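> My structure is in target.cif, and what it holds is mmCIF, C-alpha atoms, pLDDT in the B column; chains and numbers go by the auth columns:
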```cif
data_structure
#
loop_
_atom_site.group_PDB
_atom_site.id
_atom_site.type_symbol
_atom_site.label_atom_id
_atom_site.label_comp_id
_atom_site.label_asym_id
_atom_site.label_seq_id
_atom_site.Cartn_x
_atom_site.Cartn_y
_atom_site.Cartn_z
_atom_site.B_iso_or_equiv
_atom_site.auth_seq_id
_atom_site.auth_asym_id
ATOM 1 C CA MET A 1 19.127 50.095 34.953 46.00 1 A
ATOM 2 C CA PRO A 2 19.747 53.596 36.277 47.00 2 A
ATOM 3 C CA TYR A 3 20.122 52.175 39.811 44.00 3 A
ATOM 4 C CA HIS A 4 23.351 50.510 38.622 49.00 4 A
ATOM 5 C CA PHE A 5 25.190 53.850 38.961 55.00 5 A
ATOM 6 C CA ASP A 6 22.665 55.967 40.904 55.00 6 A
ATOM 7 C CA ASP A 7 21.216 54.907 44.253 62.00 7 A
ATOM 8 C CA ASP A 8 18.149 57.045 43.532 68.00 8 A
ATOM 9 C CA GLY A 9 17.544 55.576 40.067 64.00 9 A
ATOM 10 C CA PRO A 10 15.000 52.835 39.413 71.00 10 A
ATOM 11 C CA SER A 11 16.044 49.224 39.949 77.00 11 A
ATOM 12 C CA ILE A 12 15.001 46.379 37.638 81.00 12 A
ATOM 13 C CA GLU A 13 11.574 45.739 39.135 86.00 13 A
ATOM 14 C CA ARG A 14 10.692 49.438 38.773 83.00 14 A
ATOM 15 C CA MET A 15 11.581 49.644 35.069 83.00 15 A
ATOM 16 C CA PRO A 16 8.757 49.191 32.537 88.00 16 A
ATOM 17 C CA LEU A 17 9.096 46.156 30.269 89.00 17 A
ATOM 18 C CA THR A 18 8.827 48.489 27.276 91.00 18 A
ATOM 19 C CA ALA A 19 12.306 49.811 28.195 89.00 19 A
ATOM 20 C CA PHE A 20 13.758 46.441 27.181 93.00 20 A
ATOM 21 C CA ALA A 21 12.177 46.109 23.717 96.00 21 A
ATOM 22 C CA ALA A 22 12.642 48.423 20.726 96.00 22 A
ATOM 23 C CA PRO A 23 13.796 48.603 17.137 97.00 23 A
ATOM 24 C CA ALA A 24 17.576 48.353 16.969 97.00 24 A
ATOM 25 C CA VAL A 25 20.362 49.041 14.528 96.00 25 A
ATOM 26 C CA LEU A 26 23.474 46.870 14.743 96.00 26 A
ATOM 27 C CA LEU A 27 26.260 49.331 13.966 97.00 27 A
ATOM 28 C CA ASP A 28 29.272 47.612 12.434 97.00 28 A
ATOM 29 C CA LEU A 29 32.314 49.140 14.144 97.00 29 A
ATOM 30 C CA ARG A 30 34.610 46.116 13.769 96.00 30 A
ATOM 31 C CA GLU A 31 37.003 47.872 11.394 96.00 31 A
ATOM 32 C CA ARG A 32 36.938 51.098 13.426 96.00 32 A
ATOM 33 C CA VAL A 33 37.795 49.933 16.955 96.00 33 A
ATOM 34 C CA GLN A 34 40.944 48.787 18.689 95.00 34 A
ATOM 35 C CA ALA A 35 41.540 46.857 21.884 95.00 35 A
ATOM 36 C CA GLY A 36 41.262 49.002 24.986 95.00 36 A
ATOM 37 C CA GLN A 37 40.401 52.141 23.029 97.00 37 A
ATOM 38 C CA PRO A 38 37.342 54.372 23.422 97.00 38 A
ATOM 39 C CA ILE A 39 34.477 54.552 20.961 98.00 39 A
ATOM 40 C CA GLY A 40 33.806 58.251 20.599 98.00 40 A
ATOM 41 C CA PRO A 41 32.138 60.558 18.090 98.00 41 A
ATOM 42 C CA GLY A 42 34.917 60.050 15.528 97.00 42 A
ATOM 43 C CA THR A 43 34.421 56.288 15.586 97.00 43 A
ATOM 44 C CA LEU A 44 30.636 56.628 15.378 97.00 44 A
ATOM 45 C CA ASN A 45 30.555 59.132 12.490 94.00 45 A
ATOM 46 C CA GLY A 46 29.211 57.508 9.364 93.00 46 A
ATOM 47 C CA ALA A 47 27.547 54.701 11.337 95.00 47 A
ATOM 48 C CA ILE A 48 25.306 56.544 13.774 94.00 48 A
ATOM 49 C CA GLU A 49 23.312 58.145 10.966 95.00 49 A
ATOM 50 C CA ALA A 50 21.475 54.821 10.510 95.00 50 A
ATOM 51 C CA LEU A 51 19.750 55.330 13.873 96.00 51 A
ATOM 52 C CA GLN A 52 16.205 56.588 14.231 96.00 52 A
ATOM 53 C CA ARG A 53 14.766 58.222 17.344 97.00 53 A
ATOM 54 C CA GLY A 54 13.820 55.479 19.825 96.00 54 A
ATOM 55 C CA ASP A 55 16.224 52.865 18.452 97.00 55 A
ATOM 56 C CA ILE A 56 18.569 50.764 20.517 97.00 56 A
ATOM 57 C CA ALA A 57 22.079 51.342 19.167 98.00 57 A
ATOM 58 C CA VAL A 58 23.991 48.047 19.210 98.00 58 A
ATOM 59 C CA LEU A 59 27.749 48.542 18.957 98.00 59 A
ATOM 60 C CA VAL A 60 29.251 45.600 17.098 97.00 60 A
ATOM 61 C CA THR A 61 32.957 45.634 17.945 97.00 61 A
ATOM 62 C CA GLY A 62 33.789 42.013 17.157 95.00 62 A
ATOM 63 C CA TRP A 63 34.773 41.513 20.783 94.00 63 A
ATOM 64 C CA GLY A 64 32.135 38.827 21.340 90.00 64 A
ATOM 65 C CA SER A 65 34.077 36.457 19.093 91.00 65 A
ATOM 66 C CA LYS A 66 37.086 36.832 21.410 91.00 66 A
ATOM 67 C CA ARG A 67 35.189 35.569 24.457 92.00 67 A
ATOM 68 C CA ALA A 68 37.658 33.699 26.661 92.00 68 A
ATOM 69 C CA VAL A 69 39.241 33.773 30.070 94.00 69 A
ATOM 70 C CA SER A 70 42.102 35.911 28.823 93.00 70 A
ATOM 71 C CA GLU A 71 43.747 39.208 29.712 94.00 71 A
ATOM 72 C CA GLU A 72 42.714 40.611 26.328 93.00 72 A
ATOM 73 C CA TYR A 73 39.013 39.744 26.631 93.00 73 A
ATOM 74 C CA LEU A 74 38.654 40.615 30.304 94.00 74 A
ATOM 75 C CA LYS A 75 40.571 43.913 30.342 95.00 75 A
ATOM 76 C CA ARG A 76 41.094 45.353 26.849 96.00 76 A
ATOM 77 C CA TRP A 77 37.704 45.574 25.138 96.00 77 A
ATOM 78 C CA PRO A 78 36.747 48.688 23.128 97.00 78 A
ATOM 79 C CA TYR A 79 34.305 50.820 25.112 97.00 79 A
ATOM 80 C CA LEU A 80 31.941 53.742 24.645 98.00 80 A
ATOM 81 C CA ASP A 81 33.341 56.953 26.082 98.00 81 A
ATOM 82 C CA GLY A 82 31.300 59.785 27.596 97.00 82 A
ATOM 83 C CA GLU A 83 31.305 61.883 24.420 98.00 83 A
ATOM 84 C CA GLY A 84 30.154 58.890 22.380 98.00 84 A
ATOM 85 C CA ALA A 85 27.334 58.302 24.878 98.00 85 A
ATOM 86 C CA LYS A 86 26.278 61.962 24.652 98.00 86 A
ATOM 87 C CA LEU A 87 26.210 61.704 20.862 97.00 87 A
ATOM 88 C CA MET A 88 23.956 58.645 21.148 96.00 88 A
ATOM 89 C CA LEU A 89 21.619 60.593 23.432 97.00 89 A
ATOM 90 C CA GLU A 90 21.512 63.470 20.934 97.00 90 A
ATOM 91 C CA HIS A 91 20.310 60.949 18.340 96.00 91 A
ATOM 92 C CA GLY A 92 17.401 60.007 20.617 97.00 92 A
ATOM 93 C CA ILE A 93 18.350 56.390 21.287 97.00 93 A
ATOM 94 C CA SER A 94 16.333 54.340 23.775 96.00 94 A
ATOM 95 C CA GLY A 95 19.314 52.238 24.812 96.00 95 A
ATOM 96 C CA VAL A 96 22.727 50.943 23.856 98.00 96 A
ATOM 97 C CA GLY A 97 23.961 47.383 23.482 97.00 97 A
ATOM 98 C CA ILE A 98 27.500 46.137 22.973 97.00 98 A
ATOM 99 C CA ASP A 99 29.170 42.792 22.259 97.00 99 A
ATOM 100 C CA ALA A 100 31.953 43.569 24.743 95.00 100 A
ATOM 101 C CA LEU A 101 32.154 42.842 28.457 93.00 101 A
ATOM 102 C CA SER A 102 30.895 46.325 29.396 95.00 102 A
ATOM 103 C CA ILE A 103 29.815 49.574 27.797 96.00 103 A
ATOM 104 C CA GLY A 104 32.527 51.286 29.872 96.00 104 A
ATOM 105 C CA GLY A 105 36.205 50.440 29.836 95.00 105 A
ATOM 106 C CA TRP A 106 38.576 48.646 32.177 94.00 106 A
ATOM 107 C CA GLY A 107 41.194 50.549 34.132 91.00 107 A
ATOM 108 C CA GLY A 108 39.455 52.932 36.476 92.00 108 A
ATOM 109 C CA PRO A 109 36.383 55.101 36.835 92.00 109 A
ATOM 110 C CA GLU A 110 37.558 57.539 34.140 94.00 110 A
ATOM 111 C CA LYS A 111 37.023 54.746 31.586 95.00 111 A
ATOM 112 C CA GLY A 112 34.148 52.846 33.165 92.00 112 A
ATOM 113 C CA GLU A 113 31.832 55.543 34.470 95.00 113 A
ATOM 114 C CA PRO A 114 31.258 58.267 31.834 97.00 114 A
ATOM 115 C CA SER A 115 29.105 56.247 29.426 97.00 115 A
ATOM 116 C CA HIS A 116 27.249 54.508 32.241 95.00 116 A
ATOM 117 C CA VAL A 117 26.500 57.794 34.019 94.00 117 A
ATOM 118 C CA ALA A 118 25.406 59.570 30.808 96.00 118 A
ATOM 119 C CA LEU A 119 23.148 56.768 29.556 95.00 119 A
ATOM 120 C CA LEU A 120 21.727 55.537 32.852 91.00 120 A
ATOM 121 C CA GLY A 121 21.314 59.113 34.083 91.00 121 A
ATOM 122 C CA ALA A 122 19.127 59.729 31.041 93.00 122 A
ATOM 123 C CA GLY A 123 17.041 56.635 31.893 90.00 123 A
ATOM 124 C CA LYS A 124 18.411 54.537 29.013 93.00 124 A
ATOM 125 C CA VAL A 125 18.949 50.785 29.093 93.00 125 A
ATOM 126 C CA ILE A 126 22.380 49.220 28.565 95.00 126 A
ATOM 127 C CA VAL A 127 22.753 45.631 27.351 96.00 127 A
ATOM 128 C CA GLU A 128 26.276 44.221 27.554 95.00 128 A
ATOM 129 C CA GLU A 129 28.100 41.135 26.314 94.00 129 A
ATOM 130 C CA LEU A 130 25.725 40.424 23.444 95.00 130 A
ATOM 131 C CA ASN A 131 26.328 37.518 21.072 93.00 131 A
ATOM 132 C CA ILE A 132 25.648 38.990 17.632 92.00 132 A
ATOM 133 C CA PRO A 133 25.294 36.683 14.618 91.00 133 A
ATOM 134 C CA ASP A 134 27.177 37.933 11.554 91.00 134 A
ATOM 135 C CA GLU A 135 24.029 37.937 9.426 90.00 135 A
ATOM 136 C CA LEU A 136 22.485 40.639 11.649 91.00 136 A
ATOM 137 C CA VAL A 137 25.453 43.029 11.581 93.00 137 A
ATOM 138 C CA GLY A 138 24.544 46.270 9.860 91.00 138 A
ATOM 139 C CA GLN A 139 20.843 45.407 9.927 91.00 139 A
ATOM 140 C CA ARG A 140 17.809 47.032 11.474 95.00 140 A
ATOM 141 C CA CYS A 141 15.848 44.603 13.634 95.00 141 A
ATOM 142 C CA PHE A 142 13.611 44.436 16.684 97.00 142 A
ATOM 143 C CA LEU A 143 15.502 43.644 19.894 96.00 143 A
ATOM 144 C CA THR A 144 14.230 42.439 23.232 96.00 144 A
ATOM 145 C CA ALA A 145 16.468 41.913 26.249 95.00 145 A
ATOM 146 C CA PHE A 146 14.233 41.242 29.220 92.00 146 A
ATOM 147 C CA PRO A 147 16.284 40.935 32.417 92.00 147 A
ATOM 148 C CA VAL A 148 15.690 38.361 35.098 90.00 148 A
ATOM 149 C CA LEU A 149 13.532 40.111 37.678 86.00 149 A
ATOM 150 C CA LEU A 150 15.791 40.692 40.671 86.00 150 A
ATOM 151 C CA GLU A 151 14.304 42.995 43.280 84.00 151 A
ATOM 152 C CA GLY A 152 16.471 45.938 44.293 82.00 152 A
ATOM 153 C CA CYS A 153 19.188 45.267 41.700 80.00 153 A
ATOM 154 C CA GLY A 154 20.745 47.513 39.099 76.00 154 A
ATOM 155 C CA GLY A 155 21.619 44.765 36.642 83.00 155 A
ATOM 156 C CA ALA A 156 20.854 41.179 35.727 89.00 156 A
ATOM 157 C CA TRP A 157 21.419 38.676 32.976 88.00 157 A
ATOM 158 C CA ALA A 158 18.928 38.838 30.111 92.00 158 A
ATOM 159 C CA ARG A 159 17.863 36.754 27.156 92.00 159 A
ATOM 160 C CA ALA A 160 18.413 38.970 24.144 94.00 160 A
ATOM 161 C CA VAL A 161 16.429 38.090 21.040 95.00 161 A
ATOM 162 C CA ALA A 162 16.449 39.934 17.720 94.00 162 A
ATOM 163 C CA TRP A 163 14.366 39.432 14.606 90.00 163 A
ATOM 164 C CA GLU A 164 14.110 41.168 11.275 84.00 164 A
ATOM 165 C CA LEU A 165 11.666 44.004 10.793 78.00 165 A
ATOM 166 C CA ASP A 166 9.567 44.014 7.666 70.00 166 A
ATOM 167 C CA GLN A 167 10.488 46.629 5.069 57.00 167 A
ATOM 168 C CA THR A 168 7.960 49.101 6.501 57.00 168 A
ATOM 169 C CA GLY A 169 9.203 48.683 10.122 48.00 169 A
#
```
Mind turning the file's structure into C-alpha cells?

Amino acid sequence: MPYHFDDDGPSIERMPLTAFAAPAVLLDLRERVQAGQPIGPGTLNGAIEALQRGDIAVLVTGWGSKRAVSEEYLKRWPYLDGEGAKLMLEHGISGVGIDALSIGGWGGPEKGEPSHVALLGAGKVIVEELNIPDELVGQRCFLTAFPVLLEGCGGAWARAVAWELDQTG
C-alpha cells in the first residue's frame, strides 16, 4: 500500500479490492539473478515483454525455495532496483510480486527504498514473499492477494491465489 512509504498515501482500508486482483505474468528470472544483487532493466530484458498493460508482474527469483532462518535468506535476496521499477511502470503494470523477502534489498535505504517509492508512489500494489509453484512459472494467470484488513496500516499478510486464464484471457 502506498502508505507503507508515504504518510499521505492510502492505507489498506482505503485501497479498492480491485487493486489486489489482476491478470499476472510469472516472469522466470531464476537463471538471471544472483544473491544480494539488483534486478534492473538488463535482468528484465527479454522477460518483461510478456507483460500486458494492467498485469501484475511476478518476479520469480527462486528465493522462495531457500526460505529458512539463515543469513542468506534474510539478508541476501535479489531485489528490484529503482530503474527496474521504473521500467515496470513504463510497461503499465498494476503491481509487482516477488518470491523474495522484499521487493527492495537489504543493507540500507539505497537498496530498500527506490523500488518501493517508485511503485507505491505510482499507486501500485506490491506482494512479497510469494510461494510460487513450479508449474506456474512462466505462465499467465489471474492473481488475487487480498490483504487482511488492518486499519491505518501500510502492509499486511495476504492469501495469494493464482489460477490459469483460458486461452482468450
> I'd like the residues picked by the PyMOL selection byres ((chain A and resi 51-68) around 6) written out as a VMD selection string, using the chain letters and numbers from the file.
chain A and resid 23 to 30 48 to 50 69 to 70 92 to 100 131
> May I ask for the distance between CA of Pro16 (chain A) and CA of Val117 (chain A), given in Å to one decimal place?
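It comes out at 19.8 Å.
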> If I wrap all listed atoms of region 84-95 of chain A in a box with edges along x, y and z and add 8 Å on each side, what are its centre and edge lengths in Å to one decimal, as AutoDock Vina command-line options?

```
--center_x 23.2 --center_y 57.9 --center_z 21.6 --size_x 29.8 --size_y 27.2 --size_z 22.5
```
> Quick one: distance from CA of Glu31 (chain A) to CA of Ile126 (chain A) in Å, one decimal?
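CA of Glu31 (chain A) sits 22.6 Å away from CA of Ile126 (chain A).
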> Residues picked by the PyMOL selection byres ((chain A and resi 156-163) around 10) here, as a ChimeraX atom specification?
/A:1,12,20-24,127-133,136,139-150,153-155,164-166
> In Å, with one decimal, what is the gap from CA of Glu113 (chain A) to CA of Pro41 (chain A)?
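Value for the CA of Glu113 (chain A)-CA of Pro41 (chain A) distance: 17.1 Å.
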> Could you list the residues chosen by the PyMOL selection byres ((chain A and resi 102-104) around 6) in this structure as a list in words?
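The output of the PyMOL selection byres ((chain A and resi 102-104) around 6) on this file is Tyr79, Leu80, Ala100, Leu101, Gly105, Lys111, Gly112 and Glu128 of chain A.
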> With C-alpha atoms retained, write the just-selected residues as a tab-separated table (two decimals), keeping the file's coordinate frame.

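Dumped to selection10.tsv:
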```tsv
chain	number	residue	atom	x	y	z
A	79	TYR	CA	34.30	50.82	25.11
A	80	LEU	CA	31.94	53.74	24.64
A	100	ALA	CA	31.95	43.57	24.74
A	101	LEU	CA	32.15	42.84	28.46
A	105	GLY	CA	36.20	50.44	29.84
A	111	LYS	CA	37.02	54.75	31.59
A	112	GLY	CA	34.15	52.85	33.16
A	128	GLU	CA	26.28	44.22	27.55
```
